[in-house]
Structure formats: structure tokens, C-alpha cells
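Engineer: I am attaching a structure below and will ask some questions about it afterwards.
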Amino acid sequence: MAVDSTVAQVTLADIQAARTLLEGVAVVTPMRELFALTHLTGTPVHLKCENLQRTGSFKIRGAYVRISRLSRQERAHGVVAASAGNHAQGVALAAALLDTRCTVFMPEGAAIPKEKATLAYGAEVRLGGADIEVALEAAAAFAAETGAVLIHPFDHPDIIAGQGTIGLEICEQLPEAATVLVSMGGGGLAAGVATAVRALRPGVRLVGVQAASAAAYPPSLAAGCPTEIVPAPTMADGILVRRPGAVPFAAIQAYVDDVVTVSEDSLSEALLLLAERAKLVVEPAGAATVAALLEDPHAYAGPVATILSGGNIDPLLLMQVIRHGLAVAGRYLSLRVRIPDRPGELARMLAELGALQVNVLDVVHERTSAQLHVDEVVVSLQAETRGAEHCEKVVAALQGAGYPLTRG
């Protein structure tokens, strides 16, 4: 597709200049093969670990480039940003490194660890609004009132150039890559990476990944211009954006081959896989690319480079997502079993489960349901299993032993 000539475009030279600015600031993050995914897909899969970047995500790259290019007079008025967390931390650290006052507007539901980290980097944090769009409006109003420079999370050439340095590193670390997977919210990361990779490796397939419940790019690309959506809730808050930015949209329209969407189940399963097999803590938005591989393992020619865009996740959400991922992977079984209300019956059922090598986590009795006979009790239990096959074996064994049950 043709690039929109009315929008400022980022070039390979811009990205190379951004890398020079970032020397000694951003980390050249490692590229690691994950053999579990290589085995699943039948082709080498390598993880570009931006979750190990300073501030825990790729955002420091674009934020530093943007602020470093402000004039002394602009910096004197400070900078302002809006973010659910990762951009906030990137802007806060970049501003601190460049001795610039920083104010960040965050939605009221922003993760507490992200808020605390942003404060620790020296920014003033103001909470307000239901989502990032409301926070962005507040940040723009603050900029108009005070003269502070708004550091947009994705809709600026300097931001895209900074994020594009990841594409340079991928081309150097995995020059034989056939496919690059990159998560997408507003599109700054994907636009930068696609611009760099397309210039250096024209034959590489570039695939953007969005959460299915918050995917603004498919309808926008179909319409030929950025289009606003009403997103549904998603655990991948880092890529929840109502409308793509004009600057990244033009690059994505020109250089990205496909945009795919992934489910919440796949996001949680990907996060669990990365924790178990790669020993990496990754947030749901950062795990979207791995979720795409789990959903369609043979859709991508290899070697595959998949970007883990961030690792900033609230520990409470991490526990919930891991639990959900265990359930999706068949490693967590929830049952409601009807048993006779007699001494020894619960012990007999638990003995059956023990013989099946099931680890029972929780047991609750219910005796008040109208569906129960007077001599029955429902036992709600939660248990760990070894996988989906084991779950089916457990359910079949209990049913074979005469226990009426329901799952979930």
C-alpha cells in the first residue's frame, strides 16, 4: 500500500540516529530461543526480551528520543504524558535522565506497581478518568494550560524512531528471521519495528498482534484510515487503545503484512508458558505475540522473532492470570460433585482423586440447594492436574464410579 504523504514518515536513517541517541540509555535486550515454542511450531522461535529493558518495557526508547530532541526552552516548561503504566515509566525515567520536570496522568484503575514505579522515577502522578483516553485528554489540557510538552505514547515520529531501534537489533541478532511478530496498541512499536525491518530485510513477514476485545487496527485498515472503536475489557491493558495514531497507522498500512487478534484465554496461557518454560515475567500485552503462536502454531514461517514488549504486571493480576492460564491449559480443574450425605463419603471420593494423582486445593460443602435430595450434599472442589488429558481421565473416572458431577 502507498504511504500517506500528508503524514510525517519515519525513515531508516531516523531510526539509526535514534540508536545513537540511546547508546548508554537503553539496553540491547537479549534474543533467546524458546524450545517449547520451537517444538510446538516446528520452526525456531526466538524471544526479543523487551521485558528486560529499563523500566520493564520498550517505552524508554521512544520517550528518551522524544524528550532529548526538545529545545532547552521546551524542556524548561516540563513534559506531560498519559499512560496506564509503561509509557509513564519510560517518560518519567527519560525526563529524570534529561533533568526535565515530568507530570503523568494515569487512569484510576492503573496498576499500583506501575504507579509507584512512575513516582520512584521522579514524576508527579495524577490519577483520574476511567481509561487512557480520558487521561490523555487531561494531559493535553494540562499541556495547553502550563506549556508542558505532551509526550504522546505512540503518535509522534520521534517515539516511533526510538521504538524502531528494536527492529535494528532483531536484524542483527537474528538476521535469518522470516517472520517478526509484534504486539500493537496505538501502533508506535509496530510502526517503528516494521519500518526498520522492511528497510533492512524486505522479505521478512511482519505481523501485528492485538487483543481481540480491543482491536482497533483491523477495522481501521479495512476503512483505510484510523477508526475509533469501543473496546471491551482486556487483561492486556498495555495495548488497549480506542483509535490508532495517524503517524504509526501510515507505516503499518504500508509495511505490516497482517494483523491478527488473540483471545483472553490465549493471553493467559502464553503468560503461563513464558513463566514456566522461559522463566520470564511478562505482562499480558507483552505476551500477545506468543499467544498468536499458541492459537495458530503453523501459520508463521521461521525462524520467528517474537517481541515480548513488557513485563510490568501487578502481582495480584499475575496470580489471577496464571490461575486462568492453568485452567485453559487443563492444569486446573473445578468440579461440583453430588455425594451421599453420610459419614465416610467425602473421604471415599477424595481417595478416588488421590488414586488418580490429583492435588485437591479446596473443598466446600453445599447443603441448601433446592436441587438436592435431603440425603445429598454438593461438594465444590478445585484441584491441580497434569493437563487436559489428565482432566478428562479424572472426570471419566468419577463418573464411572457413579458420581454425578458438573465442571466449572
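How things are named: the first chain in the C-alpha cells is A, the next is B, and so on; residues count from 1 in each chain; ligands count from 1 in the order shown.
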Could you give me, as a list in words, each residue of range 297-345 of chain A that DSSP assigns to helix (DSSP H, G or I) when run on this structure's backbone?

Structural biologist: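 So the helix (DSSP H, G or I) residues in range 297-345 of chain A would be Pro315, Leu316, Leu317, Leu318, Met319, Gln320, Val321, Ile322, Arg323, His324, Gly325, Leu326, Ala327, Val328 and Glu345 of chain A.
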
Engineer: As a list in words, please: the residues near Val241 in chain A (cut-off 7 Å, only C-alpha atoms, same-chain neighbours under 4 positions excluded).

Structural biologist: Gly185, Gly186 and Ala214 of chain A

Engineer: Would you kindly return, as a PyMOL selection string, each protein, DNA or RNA residue with an atom no farther than 9 Å from any atom of Leu22 in chain A, considering only C-alpha atoms and excluding same-chain residues fewer than 5 positions away?

Structural biologist: chain A and resi 17+27+61+64-65+162+165

Engineer: For range 137-149 of chain A, work out the shell of residues within 8 Å, counting only C-alpha atoms and skipping chain neighbours fewer than 6 positions away, then give it as a PyMOL selection string.

Structural biologist: chain A and resi 74-75+77-82+104-105

Engineer: Quick one: pick out all strand (DSSP E or B) residues within range 199-393 of chain A from a backbone DSSP run and write them as a PyMOL selection string.

Structural biologist: chain A and resi 205-211+258-262+304-308+310+332-340+359-366+376-384

Engineer: Write out as a PyMOL selection string the residues lying within 7 Å of range 286-301 of chain A, counting only C-alpha atoms and excluding same-chain residues fewer than 4 positions away.

Structural biologist: chain A and resi 40-41+178-179+181-183+209-210+262+266-267+270-271+282+306-311

Engineer: If we count only C-alpha atoms and set the cut-off at 12 Å, which residues sit around Ala130 in chain A, ignoring sequence neighbours fewer than 2 positions away in its own chain? Please answer as an mmCIF file with N, CA and C atoms, in the first residue's frame.

Structural biologist:
```
data_model
loop_
_atom_site.group_PDB
_atom_site.id
_atom_site.type_symbol
_atom_site.label_atom_id
_atom_site.label_comp_id
_atom_site.auth_asym_id
_atom_site.auth_seq_id
_atom_site.Cartn_x
_atom_site.Cartn_y
_atom_site.Cartn_z
ATOM 1 N N SER A 83 -0.732 7.619 30.561
ATOM 2 C CA SER A 83 -0.364 6.216 30.399
ATOM 3 C C SER A 83 -0.980 5.369 31.490
ATOM 4 N N ALA A 84 -1.264 4.106 31.132
ATOM 5 C CA ALA A 84 -1.684 3.129 32.139
ATOM 6 C C ALA A 84 -0.504 2.566 32.890
ATOM 7 N N PHE A 105 -0.425 11.628 33.827
ATOM 8 C CA PHE A 105 -1.822 11.347 34.128
ATOM 9 C C PHE A 105 -2.072 9.863 33.889
ATOM 10 N N MET A 106 -2.616 9.192 34.909
ATOM 11 C CA MET A 106 -2.892 7.767 34.819
ATOM 12 C C MET A 106 -4.364 7.505 35.123
ATOM 13 N N PRO A 107 -4.980 6.532 34.441
ATOM 14 C CA PRO A 107 -6.370 6.178 34.775
ATOM 15 C C PRO A 107 -6.470 5.689 36.214
ATOM 16 N N GLU A 108 -7.627 5.834 36.801
ATOM 17 C CA GLU A 108 -7.809 5.442 38.198
ATOM 18 C C GLU A 108 -7.563 3.951 38.423
ATOM 19 N N GLY A 109 -7.764 3.149 37.398
ATOM 20 C CA GLY A 109 -7.556 1.713 37.545
ATOM 21 C C GLY A 109 -6.146 1.251 37.249
ATOM 22 N N ALA A 110 -5.201 2.165 37.084
ATOM 23 C CA ALA A 110 -3.823 1.780 36.760
ATOM 24 C C ALA A 110 -3.247 0.894 37.855
ATOM 25 N N LEU A 127 -3.993 10.875 39.161
ATOM 26 C CA LEU A 127 -4.936 9.820 38.804
ATOM 27 C C LEU A 127 -6.289 10.429 38.464
ATOM 28 N N GLY A 128 -6.921 9.879 37.415
ATOM 29 C CA GLY A 128 -8.250 10.364 37.067
ATOM 30 C C GLY A 128 -8.736 9.794 35.754
ATOM 31 N N ILE A 132 -7.363 5.262 29.402
ATOM 32 C CA ILE A 132 -6.218 6.029 28.924
ATOM 33 C C ILE A 132 -6.660 7.217 28.061
ATOM 34 N N GLU A 133 -7.779 7.085 27.361
ATOM 35 C CA GLU A 133 -8.234 8.179 26.513
ATOM 36 C C GLU A 133 -8.606 9.400 27.345
ATOM 37 N N VAL A 134 -9.270 9.171 28.476
ATOM 38 C CA VAL A 134 -9.628 10.273 29.369
ATOM 39 C C VAL A 134 -8.362 10.892 29.962
ATOM 40 N N ALA A 135 -7.414 10.038 30.342
ATOM 41 C CA ALA A 135 -6.144 10.539 30.884
ATOM 42 C C ALA A 135 -5.389 11.360 29.841
ATOM 43 N N LEU A 136 -5.452 10.919 28.582
ATOM 44 C CA LEU A 136 -4.774 11.651 27.513
ATOM 45 C C LEU A 136 -5.403 13.020 27.299
ATOM 46 N N GLU A 137 -6.722 13.102 27.395
ATOM 47 C CA GLU A 137 -7.402 14.396 27.290
ATOM 48 C C GLU A 137 -6.973 15.329 28.421
ATOM 49 N N ALA A 138 -6.850 14.770 29.630
ATOM 50 C CA ALA A 138 -6.414 15.582 30.776
ATOM 51 C C ALA A 138 -4.978 16.058 30.589
ATOM 52 N N PRO A 233 -13.318 -4.836 27.876
ATOM 53 C CA PRO A 233 -12.224 -5.026 28.830
ATOM 54 C C PRO A 233 -11.267 -6.135 28.370
#
```

Engineer: Taking 4 positions as the minimum chain separation for residues in the same chain, which residues sit within 7 Å of range 191-194 of chain A when counting only C-alpha atoms? Answer as a ChimeraX atom specification.

Structural biologist: /A:160-161,163-164,166-167,187,198,206,248,251-252,255-256

Engineer: What would the file look like if the residues just selected were written as a PDB file, in the first residue's frame with N, CA and C atoms?

Structural biologist:
```
ATOM      1  N   ILE A 160       8.263   6.791  17.421  1.00  0.00           N
ATOM      2  CA  ILE A 160       8.347   5.649  16.512  1.00  0.00           C
ATOM      3  C   ILE A 160       9.805   5.331  16.166  1.00  0.00           C
ATOM      4  N   ALA A 161      10.601   6.349  15.959  1.00  0.00           N
ATOM      5  CA  ALA A 161      12.020   6.127  15.654  1.00  0.00           C
ATOM      6  C   ALA A 161      12.716   5.419  16.810  1.00  0.00           C
ATOM      7  N   GLN A 163      11.313   3.461  19.127  1.00  0.00           N
ATOM      8  CA  GLN A 163      10.852   2.067  19.211  1.00  0.00           C
ATOM      9  C   GLN A 163      11.432   1.235  18.062  1.00  0.00           C
ATOM     10  N   GLY A 164      11.690   1.876  16.932  1.00  0.00           N
ATOM     11  CA  GLY A 164      12.221   1.172  15.775  1.00  0.00           C
ATOM     12  C   GLY A 164      13.612   0.596  15.971  1.00  0.00           C
ATOM     13  N   ILE A 166      14.443  -1.404  18.095  1.00  0.00           N
ATOM     14  CA  ILE A 166      14.267  -2.841  18.351  1.00  0.00           C
ATOM     15  C   ILE A 166      14.374  -3.606  17.037  1.00  0.00           C
ATOM     16  N   GLY A 167      13.827  -3.042  15.970  1.00  0.00           N
ATOM     17  CA  GLY A 167      13.922  -3.681  14.662  1.00  0.00           C
ATOM     18  C   GLY A 167      15.358  -3.809  14.193  1.00  0.00           C
ATOM     19  N   GLY A 187       0.163   1.520  18.016  1.00  0.00           N
ATOM     20  CA  GLY A 187       0.939   1.183  16.828  1.00  0.00           C
ATOM     21  C   GLY A 187       2.347   1.727  16.763  1.00  0.00           C
ATOM     22  N   ARG A 198      11.610  -3.699   7.357  1.00  0.00           N
ATOM     23  CA  ARG A 198      11.290  -3.670   5.934  1.00  0.00           C
ATOM     24  C   ARG A 198      12.438  -3.068   5.131  1.00  0.00           C
ATOM     25  N   LEU A 206       5.933  -9.343   8.397  1.00  0.00           N
ATOM     26  CA  LEU A 206       5.686  -8.580   9.622  1.00  0.00           C
ATOM     27  C   LEU A 206       4.226  -8.740  10.017  1.00  0.00           C
ATOM     28  N   PRO A 248       1.744   6.288  13.204  1.00  0.00           N
ATOM     29  CA  PRO A 248       2.015   4.856  13.084  1.00  0.00           C
ATOM     30  C   PRO A 248       1.105   4.157  12.087  1.00  0.00           C
ATOM     31  N   ALA A 251       2.586   3.969   8.565  1.00  0.00           N
ATOM     32  CA  ALA A 251       3.673   2.999   8.426  1.00  0.00           C
ATOM     33  C   ALA A 251       3.152   1.573   8.472  1.00  0.00           C
ATOM     34  N   ILE A 252       2.206   1.321   9.363  1.00  0.00           N
ATOM     35  CA  ILE A 252       1.646  -0.033   9.474  1.00  0.00           C
ATOM     36  C   ILE A 252       0.882  -0.399   8.214  1.00  0.00           C
ATOM     37  N   TYR A 255       3.724  -1.206   5.671  1.00  0.00           N
ATOM     38  CA  TYR A 255       4.774  -2.199   5.891  1.00  0.00           C
ATOM     39  C   TYR A 255       4.347  -3.483   6.598  1.00  0.00           C
ATOM     40  N   VAL A 256       3.272  -3.456   7.364  1.00  0.00           N
ATOM     41  CA  VAL A 256       2.863  -4.648   8.114  1.00  0.00           C
ATOM     42  C   VAL A 256       2.000  -5.531   7.214  1.00  0.00           C
TER      43      VAL A 256
END
```

Engineer: Determine the nearest neighbour of Met349 in chain A from the options A:Asn312, A:Gln320, A:Gln399, A:Ser68, counting only C-alpha atoms.

Structural biologist: A:Gln399

Engineer: Given the choices A:Pro219, A:Val197, A:Thr118, A:Lys59, which gets closest to Leu12 in chain A if the distance is worked out from only C-alpha atoms?

Structural biologist: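 Nearest to Leu12 in chain A: A:Val197.
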